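A quick write-up on the structure given underneath.
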Amino acid sequence: MTSAGARSLARWVWFDIPVGTVLPEEFLFRGIVDEVATAVVGPNAALVAGSVAFGVWHWPGSNRSVPVVVVTTAAGALFVLARRRTGTLLAPMALHWATNAAGAVAATWWQRRVTD
């Protein structure tokens with residue numbers, strides 16, 4: 001990997017993912033949607049509805065991939081449970097960042113492997 005490629009990956013992992021993805025999505029889905037839905041329909045239905053909403057949110061960016069939506073729906077459920085268990089958004093933020101960062105590193109590695 002070139003130094004420019006390493007800088008690009010570092011920016012993606014340490015800036016773009018946390019600031020552009022994790023913070024807004026966690027505040028929206030775990031901070032607002034889950035709280036409001038829980039108050040309206042109860043915790044179990046809110047868990048399902050919020051997780052499905054999170055999965056569907058990723059539909060356009062996934063090239064309309066059903067497996068990606070299924071995986072992000074499951075991740076959304078895990079993030080909700082982490083927030084409920086800890087009472088803070090920090091736990092789902094950390095899980096979300098770790099998942100996306102691992103994906104970024106893996107995608108970069110795979111791309112480099114395929115093009116080299």
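For the structure tokens, the naming scheme is as follows: chains receive sequential letters (A, B, ...) according to their order of presentation, residues are indexed from 1 within each chain, and ligands are indexed from 1 in presentation order.
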Closest contacts (segment 9-95 of chain A/segment 100-113 of chain A, max 9 Å, only C-alpha atoms) as CSV:
residue,atom,partner,partner_atom,distance
A:Leu9,CA,A:Val105,CA,7.3
A:Trp12,CA,A:Ala104,CA,7.5
A:Val13,CA,A:Ala101,CA,5.3
A:Trp14,CA,A:Ala101,CA,8.3
A:Ile17,CA,A:Asn100,CA,6.9
A:Thr21,CA,A:Asn100,CA,8.9
A:Val22,CA,A:Asn100,CA,8.7
A:Leu95,CA,A:Asn100,CA,8.6
Okay, now the selection with all heavy atoms, as a tab-separated table (two decimals), in the first residue's frame?
chain	number	residue	atom	x	y	z
A	9	LEU	N	-6.85	5.33	3.96
A	9	LEU	CA	-7.47	4.35	4.86
A	9	LEU	C	-7.55	4.91	6.28
A	9	LEU	O	-8.59	4.78	6.94
A	9	LEU	CB	-6.70	3.03	4.85
A	9	LEU	CG	-7.21	1.95	5.80
A	9	LEU	CD1	-8.66	1.57	5.48
A	9	LEU	CD2	-6.30	0.73	5.76
A	12	TRP	N	-10.34	7.34	6.48
A	12	TRP	CA	-11.61	6.63	6.43
A	12	TRP	C	-11.94	6.04	7.81
A	12	TRP	O	-13.05	6.21	8.33
A	12	TRP	CB	-11.52	5.55	5.37
A	12	TRP	CG	-12.78	4.82	5.01
A	12	TRP	CD1	-14.06	5.15	5.33
A	12	TRP	CD2	-12.88	3.62	4.24
A	12	TRP	NE1	-14.94	4.24	4.81
A	12	TRP	CE2	-14.24	3.29	4.13
A	12	TRP	CE3	-11.93	2.80	3.62
A	12	TRP	CZ2	-14.69	2.16	3.44
A	12	TRP	CZ3	-12.38	1.68	2.93
A	12	TRP	CH2	-13.75	1.37	2.84
A	13	VAL	N	-10.97	5.36	8.40
A	13	VAL	CA	-11.19	4.67	9.67
A	13	VAL	C	-11.31	5.63	10.85
A	13	VAL	O	-12.17	5.46	11.71
A	13	VAL	CB	-10.06	3.64	9.92
A	13	VAL	CG1	-10.08	3.13	11.35
A	13	VAL	CG2	-10.18	2.49	8.94
A	14	TRP	N	-10.48	6.65	10.89
A	14	TRP	CA	-10.40	7.51	12.08
A	14	TRP	C	-11.21	8.79	11.98
A	14	TRP	O	-11.38	9.48	12.97
A	14	TRP	CB	-8.96	7.83	12.42
A	14	TRP	CG	-8.22	6.59	12.81
A	14	TRP	CD1	-7.27	5.94	12.09
A	14	TRP	CD2	-8.39	5.83	14.01
A	14	TRP	NE1	-6.84	4.82	12.76
A	14	TRP	CE2	-7.52	4.72	13.94
A	14	TRP	CE3	-9.22	5.96	15.13
A	14	TRP	CZ2	-7.44	3.77	14.95
A	14	TRP	CZ3	-9.13	5.00	16.13
A	14	TRP	CH2	-8.25	3.93	16.03
A	17	ILE	N	-15.58	7.37	9.15
A	17	ILE	CA	-16.49	6.41	9.79
A	17	ILE	C	-17.06	6.97	11.09
A	17	ILE	O	-18.28	7.01	11.25
A	17	ILE	CB	-15.82	5.04	9.99
A	17	ILE	CG1	-15.62	4.36	8.63
A	17	ILE	CG2	-16.64	4.15	10.92
A	17	ILE	CD1	-14.79	3.09	8.67
A	21	THR	N	-20.51	8.57	9.83
A	21	THR	CA	-21.42	7.43	9.89
A	21	THR	C	-21.88	7.14	11.31
A	21	THR	O	-23.07	7.18	11.62
A	21	THR	CB	-20.74	6.17	9.30
A	21	THR	OG1	-20.34	6.45	7.96
A	21	THR	CG2	-21.68	4.99	9.30
A	22	VAL	N	-20.95	6.82	12.19
A	22	VAL	CA	-21.30	6.34	13.53
A	22	VAL	C	-22.07	7.38	14.34
A	22	VAL	O	-23.15	7.08	14.86
A	22	VAL	CB	-20.04	5.85	14.29
A	22	VAL	CG1	-20.37	5.54	15.73
A	22	VAL	CG2	-19.45	4.63	13.58
A	95	LEU	N	-19.13	-0.37	19.08
A	95	LEU	CA	-19.40	-1.55	18.26
A	95	LEU	C	-19.56	-1.19	16.79
A	95	LEU	O	-19.04	-1.87	15.91
A	95	LEU	CB	-20.66	-2.27	18.76
A	95	LEU	CG	-20.54	-3.00	20.08
A	95	LEU	CD1	-21.93	-3.45	20.55
A	95	LEU	CD2	-19.62	-4.20	19.94
**Request:** May I have the residues within 9 Å of segment 82-89 of chain A as JSON, numbers by chain, using only C-alpha atoms and disregarding those fewer than 5 positions away in the same chain?
**Result:** {"A": [26, 27, 30, 31, 77, 94, 95]}
**Request:** Determine which residues of chain A receive a DSSP assignment of alpha helix (DSSP H), computed from the backbone, and state them as a PyMOL selection string.
**Result:** chain A and resi 3-11+23-25+34-41+43-57+66-86+90-115
Write to file, as a CSV table (one decimal), in the first residue's frame, the residues of the selection just made, with C-alpha atoms.
chain,number,residue,atom,x,y,z
A,3,SER,CA,1.6,6.1,1.8
A,4,ALA,CA,-1.3,7.9,0.1
A,5,GLY,CA,-3.3,4.7,0.3
A,6,ALA,CA,-2.5,4.4,4.0
A,7,ARG,CA,-3.4,8.0,4.6
A,8,SER,CA,-6.7,7.5,2.8
A,9,LEU,CA,-7.5,4.4,4.9
A,10,ALA,CA,-6.5,6.1,8.1
A,11,ARG,CA,-8.8,9.1,7.3
A,23,LEU,CA,-22.2,9.6,15.3
A,24,PRO,CA,-25.2,10.5,13.1
A,25,GLU,CA,-26.6,7.0,12.8
A,34,ASP,CA,-35.4,3.6,19.8
A,35,GLU,CA,-36.4,5.9,22.6
A,36,VAL,CA,-39.5,7.2,20.8
A,37,ALA,CA,-40.5,3.8,19.5
A,38,THR,CA,-40.1,2.2,23.0
A,39,ALA,CA,-42.3,4.8,24.5
A,40,VAL,CA,-45.0,4.3,21.8
A,41,VAL,CA,-45.0,0.5,21.1
A,43,PRO,CA,-39.3,-2.3,23.9
A,44,ASN,CA,-39.7,-5.5,21.9
A,45,ALA,CA,-41.6,-4.0,19.0
A,46,ALA,CA,-39.2,-1.0,19.1
A,47,LEU,CA,-36.2,-3.4,18.9
A,48,VAL,CA,-37.7,-5.0,15.8
A,49,ALA,CA,-38.9,-1.8,14.1
A,50,GLY,CA,-35.7,0.2,14.8
A,51,SER,CA,-33.5,-2.6,13.7
A,52,VAL,CA,-35.4,-3.1,10.4
A,53,ALA,CA,-35.4,0.7,9.9
A,54,PHE,CA,-31.6,0.7,10.4
A,55,GLY,CA,-31.2,-2.2,7.9
A,56,VAL,CA,-33.5,-0.5,5.3
A,57,TRP,CA,-31.5,2.8,5.8
A,66,VAL,CA,-30.6,-8.0,0.5
A,67,PRO,CA,-27.8,-9.7,2.5
A,68,VAL,CA,-26.3,-6.3,3.4
A,69,VAL,CA,-29.7,-5.2,4.7
A,70,VAL,CA,-30.2,-8.4,6.7
A,71,VAL,CA,-26.7,-8.1,8.3
A,72,THR,CA,-27.2,-4.4,9.1
A,73,THR,CA,-30.6,-5.2,10.6
A,74,ALA,CA,-29.0,-7.7,12.9
A,75,ALA,CA,-26.2,-5.2,13.7
A,76,GLY,CA,-28.9,-2.7,14.5
A,77,ALA,CA,-30.5,-5.1,17.0
A,78,LEU,CA,-27.1,-5.7,18.6
A,79,PHE,CA,-26.5,-1.9,18.8
A,80,VAL,CA,-29.9,-1.4,20.5
A,81,LEU,CA,-29.3,-4.1,23.0
A,82,ALA,CA,-25.8,-2.6,23.8
A,83,ARG,CA,-27.4,0.8,24.4
A,84,ARG,CA,-30.2,-0.6,26.5
A,85,ARG,CA,-27.8,-2.7,28.6
A,86,THR,CA,-25.3,0.1,29.2
A,90,LEU,CA,-20.9,4.9,23.8
A,91,ALA,CA,-21.3,1.1,23.6
A,92,PRO,CA,-23.2,1.0,20.3
A,93,MET,CA,-20.9,3.7,18.9
A,94,ALA,CA,-17.9,1.6,19.8
A,95,LEU,CA,-19.4,-1.6,18.3
A,96,HIS,CA,-20.5,0.3,15.2
A,97,TRP,CA,-17.1,1.9,14.7
A,98,ALA,CA,-15.3,-1.4,15.2
A,99,THR,CA,-17.6,-3.2,12.7
A,100,ASN,CA,-17.2,-0.5,10.0
A,101,ALA,CA,-13.5,0.0,10.6
A,102,ALA,CA,-12.9,-3.8,10.2
A,103,GLY,CA,-14.9,-3.7,7.0
A,104,ALA,CA,-12.9,-0.8,5.7
A,105,VAL,CA,-9.6,-2.5,6.4
A,106,ALA,CA,-10.8,-5.8,4.9
A,107,ALA,CA,-12.1,-4.0,1.8
A,108,THR,CA,-8.9,-2.2,1.3
A,109,TRP,CA,-6.9,-5.4,1.8
A,110,TRP,CA,-9.1,-7.2,-0.6
A,111,GLN,CA,-8.9,-4.4,-3.2
A,112,ARG,CA,-5.1,-4.4,-2.9
A,113,ARG,CA,-4.9,-8.1,-3.2
A,114,VAL,CA,-7.1,-8.2,-6.3
A,115,THR,CA,-5.3,-5.3,-8.1
